4 protein chains.
Amino acid sequence: MIHDLAHIGHAELLTPRPEESLRFFEQVLGMEVEAREGQSVFLRGFGDYQRYSLKLTESERAGLGHMALRTWSPEALERRVEAIEATGLGRGWIDGDLGHGPAYQFSDPDGHAFELYFETEKYRAPEHLRPSLKNQPQRYVGRGAAVKRLDHVNLLAADVAANRAFAQDPLGFRLYERIELDDGTEAGAWLSLTIAAHELIYVADAKGLQGRLHHLAFWVDTREEVLRAADLFLENEVPIEAAPSKHAVAQGFFLYGFEPGGNRIEVTHGGYLVYDPDPEPTVWTEAERAKGQAWGVKTVESFHTYGT
Amino acid sequence: MIHDLAHIGHAELLTPRPEESLRFFEQVLGMEVEAREGQSVFLRGFGDYQRYSLKLTESERAGLGHMALRTWSPEALERRVEAIEATGLGRGWIDGDLGHGPAYQFSDPDGHAFELYFETEKYRAPEHLRPSLKNQPQRYVGRGAAVKRLDHVNLLAADVAANRAFAQDPLGFRLYERIELDDGTEAGAWLSLTIAAHELIYVADAKGLQGRLHHLAFWVDTREEVLRAADLFLENEVPIEAAPSKHAVAQGFFLYGFEPGGNRIEVTHGGYLVYDPDPEPTVWTEAERAKGQAWGVKTVESFHTYGT
Amino acid sequence: MIHDLAHIGHAELLTPRPEESLRFFEQVLGMEVEAREGQSVFLRGFGDYQRYSLKLTESERAGLGHMALRTWSPEALERRVEAIEATGLGRGWIDGDLGHGPAYQFSDPDGHAFELYFETEKYRAPEHLRPSLKNQPQRYVGRGAAVKRLDHVNLLAADVAANRAFAQDPLGFRLYERIELDDGTEAGAWLSLTIAAHELIYVADAKGLQGRLHHLAFWVDTREEVLRAADLFLENEVPIEAAPSKHAVAQGFFLYGFEPGGNRIEVTHGGYLVYDPDPEPTVWTEAERAKGQAWGVKTVESFHTYGT
Amino acid sequence: MIHDLAHIGHAELLTPRPEESLRFFEQVLGMEVEAREGQSVFLRGFGDYQRYSLKLTESERAGLGHMALRTWSPEALERRVEAIEATGLGRGWIDGDLGHGPAYQFSDPDGHAFELYFETEKYRAPEHLRPSLKNQPQRYVGRGAAVKRLDHVNLLAADVAANRAFAQDPLGFRLYERIELDDGTEAGAWLSLTIAAHELIYVADAKGLQGRLHHLAFWVDTREEVLRAADLFLENEVPIEAAPSKHAVAQGFFLYGFEPGGNRIEVTHGGYLVYDPDPEPTVWTEAERAKGQAWGVKTVESFHTYGT
């Protein structure tokens, strides 16, 4: 069991409509702008312990810029870099970025850009965002959907099995659930570094393309807040792709919509915790998936085809 | 059975700290400023069908300015005025106020100022507050606790029985619950014009004073929002008098705090609906009330003594 | 304004599979069996103030037996009977049924059987169902979905306009919302005797049949309980027709499934309260209804065609 | 960083009133009886992946029998045993117990009995408890409070610092929060093996006694279920020590009551997840703790003194 990676530190999202996207993340999702630099704005949820979990960058096309994983220690970082280099997917070191130290860049087999880092700046709230409870990094302002933190990243991949395997080793993700089609093809994999039911998901890219993002998911503390977010999406003309309901896989409670840049965004709560250190991954068949979500909701077509 | 009064249209709250009070109602409770006139600001919840339900007026002392009841029809208004005049507590007509037509002023036996009116302006939302669902008067903005509407008014009275009787006849309130002390004194009365468990409450003024307000209560649609409001009170330094819990009487879920002007404000949800047209009022004894709220929470001393 | 009817007292549901239906209402919805008589079982929610709100009767076919409305007083009963007789839809008096006194039978223009009554037995809980809070008729047992009471009845009608008009006068229901197709046809009407957003609904029978039931709806006190009910439906193999979501019309939060007898059952919470005594009914157009429910969920085909 | 222990596998609770205690855990908390052996009954929540998480054992006095920790692997078990033996607190191996393999017994400095084990039986639900969703070990029956799993154990200790240090090393718990009195004494420590905010808590034993239990906490998936559990406690005459509210420390949402054997039981939800691999523990001062819980609720005296 590899215990070298701690969690997803942040994700960089690309948007061709930076102002509208920023308004969405700040006013509708309720995140705080922590910093701006070049063509990027760095945003945070009230529960993020680092300075930010979302880097929003102007770009010609929507999609994932990169995602960055934090290690348990400097030694863990070295060990993982060595292991990644052995796969031939390493790209090399950068000095760091706003809020964190040296980072090692690499890609997964599908071509998504990843980084590993350990050194980070812990968030220190300015006066107007100082929380009442000291075990919380930032004041709960309650603006918009008031998301707490980045929860998970869902990536499309031409070859799910190859990327899932790479996430398990060398990265050290644990596999909790997966979908296996009747022909034996792997169509989805739910992976985690912790007891959370998923942090990284790979699903098959229906168009066979590479490097695409399915969605970023942000956490709220109750299902009621997911329902409330749906009202806010409605009132703010955010296109709702899938109204709140409960996933069968991983049992998370979801709401999917599109931010103005075109990227799919999820507001999520729930799921289960995996305390078992040696769980047998749940395998879903094609027939089982055809039943729809937990309560029978059928997924809209775009959910299976649209990516950025 | 008298069916002449429809509901509490609005309440006027007096505050010696108008700016801070306004900030509380606008930013923390999340109400909208609909109009300003003289020393008053008129505020509304997103679910109010009239222009406002709260008139906030600068004054030397905190307390209730008046509360206004809307009748079912012009004829019902006339009938009630006649009945009130017969009691000697009538004060006479005024031309109306912002948003409503002619009103008849009177007082309850304890001296609280009341008005009756029928003609009213229905709210028409400006562009930026236009709702997505047309069966809702205003857009759900989601700012602060985002209260929906004024729910009920709780008045302190030197003589609960006299005021309760006046509310029943001539006003036509129905009595759903009351507290009777061991010596036979009436210590509280929960009254309503509708199937809602209470709209007007009288509780004994422990100091024997007259004309005091216990609290105004604003409605939110879930208990989760009451809990969320407690977080917002905490983060905004609103003194919490009673943390969220469930009342035994009327079974409402509550949160009590003080707005900067000193008035007690409740954020409320729940209770039950009284479909029975001839219910036997529930009578609580001294011993039963001593058990505290539904889940055993003891009421803090200030709750029994503080009024404005 | 007619104030003679108080609320829907109970509904009689017909089932060709009485044992399985009873198991559903008792174990899954969590109702209590109050009495049995002949081919009928009488069931109650923990918040019903009368002995029962559901009469479940064995029958060859599923559907509505009758629904019974309680009046505000004996005089109100007489007045309504007189008014109904004038329409020619009256059928005459019966001595009463278990738990209530003399009742006047009639039908709506579509042929659904109705009764009016005033005299009723208030529920007195046996020892094992005695509540801890005396303002509640029965102990909250918490079994299954633990519904509180019958909330509303939705009837299919060949001619919605005619039945809606009959409900308004002579019955005295208020009309809060309705659907008007592009050709001017009325396709749905949401009616109420109280401030609750609906108690009786008529929707157009897509098959042009008469006397059919669309669904009975039972109330729970939170949206979370509706979500919990969906889990219970899933675990108890109750076919879920529509997973929990929010209606656009009336804004109720819903879950639809089929009880074993084939009747559609809703678990509901939410909606809004209509305090306005002279509200302008909300009118929905064909185009607006085509948008689906509040958060965009499209209604399944069966919802528009299936009735019992 | 030691990554050898995975989580608390189960706790054994002693009760002088085994039948009444069993009724509480089965009917009020809604657990399932998985097995009986000798004077013990083994119970499980619907989310437990092992056969049980609670062993309820008849005994002359209430309190904790033992608690058992599962390791990440057989090798991890060996490493921890070696480390514990070095402290002199080891007691030796047993062959195992119902549902798990060989276990190593030891005590913490305060004398509470612990066990470590790795081999375990994964739960296989019998037909009537087979879940609809295959990523869930057991059907959600929904009986009573329907707790999902054992969440955490709170132990009283004469010397918190010594026990906290032992939990960190050799056991490998991480310290997330602690209370430090003005005189420097440690009064409480919140420890975890995972990203969950706490799994093991030590608080100072106000009576200076040793080996006492403060409470066992069982998890539900929503705050609404905690509120619902309070209604069930009320209706089932379970003494409520503390009505639902939110802790300041760890921010968990709580309900405390006493099971018939006298042991304090918590129904819990919430808290936060600690993704940070090197968090600075939050330190609460005496003055901060004097403010009460998150929303100002003062803890009842018994909470500070009563243990079993």
# chains A, B, ... in the order shown; residues from 1 in each chain; ligands from 1
call {"tool": "interface_residues", "arguments": {"of": "chain A", "to": "chain D", "cutoff": "6 Å", "atoms": "only C-alpha atoms", "output": "ChimeraX atom specification"}}
result
/A:72,135,277,282
call {"tool": "residues_around", "arguments": {"residues": "stretch 84-98 of chain A", "least_positions_apart": "3", "cutoff": "8 Å", "atoms": "only C-alpha atoms", "output": "VMD selection string"}}
result
chain A and resid 80 to 81 101 to 109 170 to 171
call {"tool": "select_by_dssp", "arguments": {"residues": "stretch 171-238 of chain C", "states": "strand (DSSP E)", "output": "PyMOL selection string"}}
result
chain C and resi 174-180+186-192+200-204+213-219
call {"tool": "atom_distance", "arguments": {"atom1": "atom CA of D:Val33", "atom2": "atom CA of D:Leu54"}}
result
9.7 Å
call {"tool": "select_by_dssp", "arguments": {"residues": "stretch 47-275 of chain B", "states": "alpha helix (DSSP H)", "output": "PyMOL selection string"}}
result
chain B and resi 74-85+160-168+223-235
call {"tool": "write_last_selection", "arguments": {"atoms": "C-alpha atoms", "output": "PDB file, in the first residue's frame"}}
result
ATOM      1  CA  PRO B  74     -63.552  45.504   2.157  1.00  0.00           C
ATOM      2  CA  GLU B  75     -66.748  44.273   3.798  1.00  0.00           C
ATOM      3  CA  ALA B  76     -64.791  42.203   6.268  1.00  0.00           C
ATOM      4  CA  LEU B  77     -62.802  45.312   7.119  1.00  0.00           C
ATOM      5  CA  GLU B  78     -65.970  47.240   7.840  1.00  0.00           C
ATOM      6  CA  ARG B  79     -67.364  44.450   9.993  1.00  0.00           C
ATOM      7  CA  ARG B  80     -64.225  44.253  12.097  1.00  0.00           C
ATOM      8  CA  VAL B  81     -63.964  48.003  12.530  1.00  0.00           C
ATOM      9  CA  GLU B  82     -67.491  48.071  13.803  1.00  0.00           C
ATOM     10  CA  ALA B  83     -66.777  45.277  16.231  1.00  0.00           C
ATOM     11  CA  ILE B  84     -63.585  46.918  17.473  1.00  0.00           C
ATOM     12  CA  GLU B  85     -65.249  50.270  17.928  1.00  0.00           C
ATOM     13  CA  VAL B 160     -52.593  37.380  28.732  1.00  0.00           C
ATOM     14  CA  ALA B 161     -56.205  36.248  29.164  1.00  0.00           C
ATOM     15  CA  ALA B 162     -57.639  39.661  28.311  1.00  0.00           C
ATOM     16  CA  ASN B 163     -55.529  40.040  25.199  1.00  0.00           C
ATOM     17  CA  ARG B 164     -56.109  36.477  24.094  1.00  0.00           C
ATOM     18  CA  ALA B 165     -59.864  37.007  24.423  1.00  0.00           C
ATOM     19  CA  PHE B 166     -59.650  40.241  22.413  1.00  0.00           C
ATOM     20  CA  ALA B 167     -57.714  38.460  19.681  1.00  0.00           C
ATOM     21  CA  GLN B 168     -60.409  35.787  19.498  1.00  0.00           C
ATOM     22  CA  ARG B 223     -34.725  23.312   9.475  1.00  0.00           C
ATOM     23  CA  GLU B 224     -31.354  23.147   7.734  1.00  0.00           C
ATOM     24  CA  GLU B 225     -31.719  26.838   6.935  1.00  0.00           C
ATOM     25  CA  VAL B 226     -32.321  27.575  10.610  1.00  0.00           C
ATOM     26  CA  LEU B 227     -29.057  25.771  11.392  1.00  0.00           C
ATOM     27  CA  ARG B 228     -27.348  27.692   8.599  1.00  0.00           C
ATOM     28  CA  ALA B 229     -28.728  30.949  10.017  1.00  0.00           C
ATOM     29  CA  ALA B 230     -27.077  30.076  13.336  1.00  0.00           C
ATOM     30  CA  ASP B 231     -23.721  29.838  11.557  1.00  0.00           C
ATOM     31  CA  LEU B 232     -24.393  33.209   9.959  1.00  0.00           C
ATOM     32  CA  PHE B 233     -25.372  34.749  13.310  1.00  0.00           C
ATOM     33  CA  LEU B 234     -22.126  33.402  14.749  1.00  0.00           C
ATOM     34  CA  GLU B 235     -19.983  34.733  11.905  1.00  0.00           C
TER      35      GLU B 235
END
call {"tool": "atom_distance", "arguments": {"atom1": "atom CA of C:Phe253", "atom2": "atom CA of C:His152"}}
result
13.2 Å
call {"tool": "closest_residue", "arguments": {"among": "D:Ile265, D:Ala206, D:Val220, D:Val297", "to": "B:Ala243", "atoms": "only C-alpha atoms"}}
result
D:Val297
call {"tool": "residues_around", "arguments": {"residues": "D:Phe258", "least_positions_apart": "3", "cutoff": "8 Å", "atoms": "only C-alpha atoms", "output": "ChimeraX atom specification"}}
result
/D:238-241,261-265
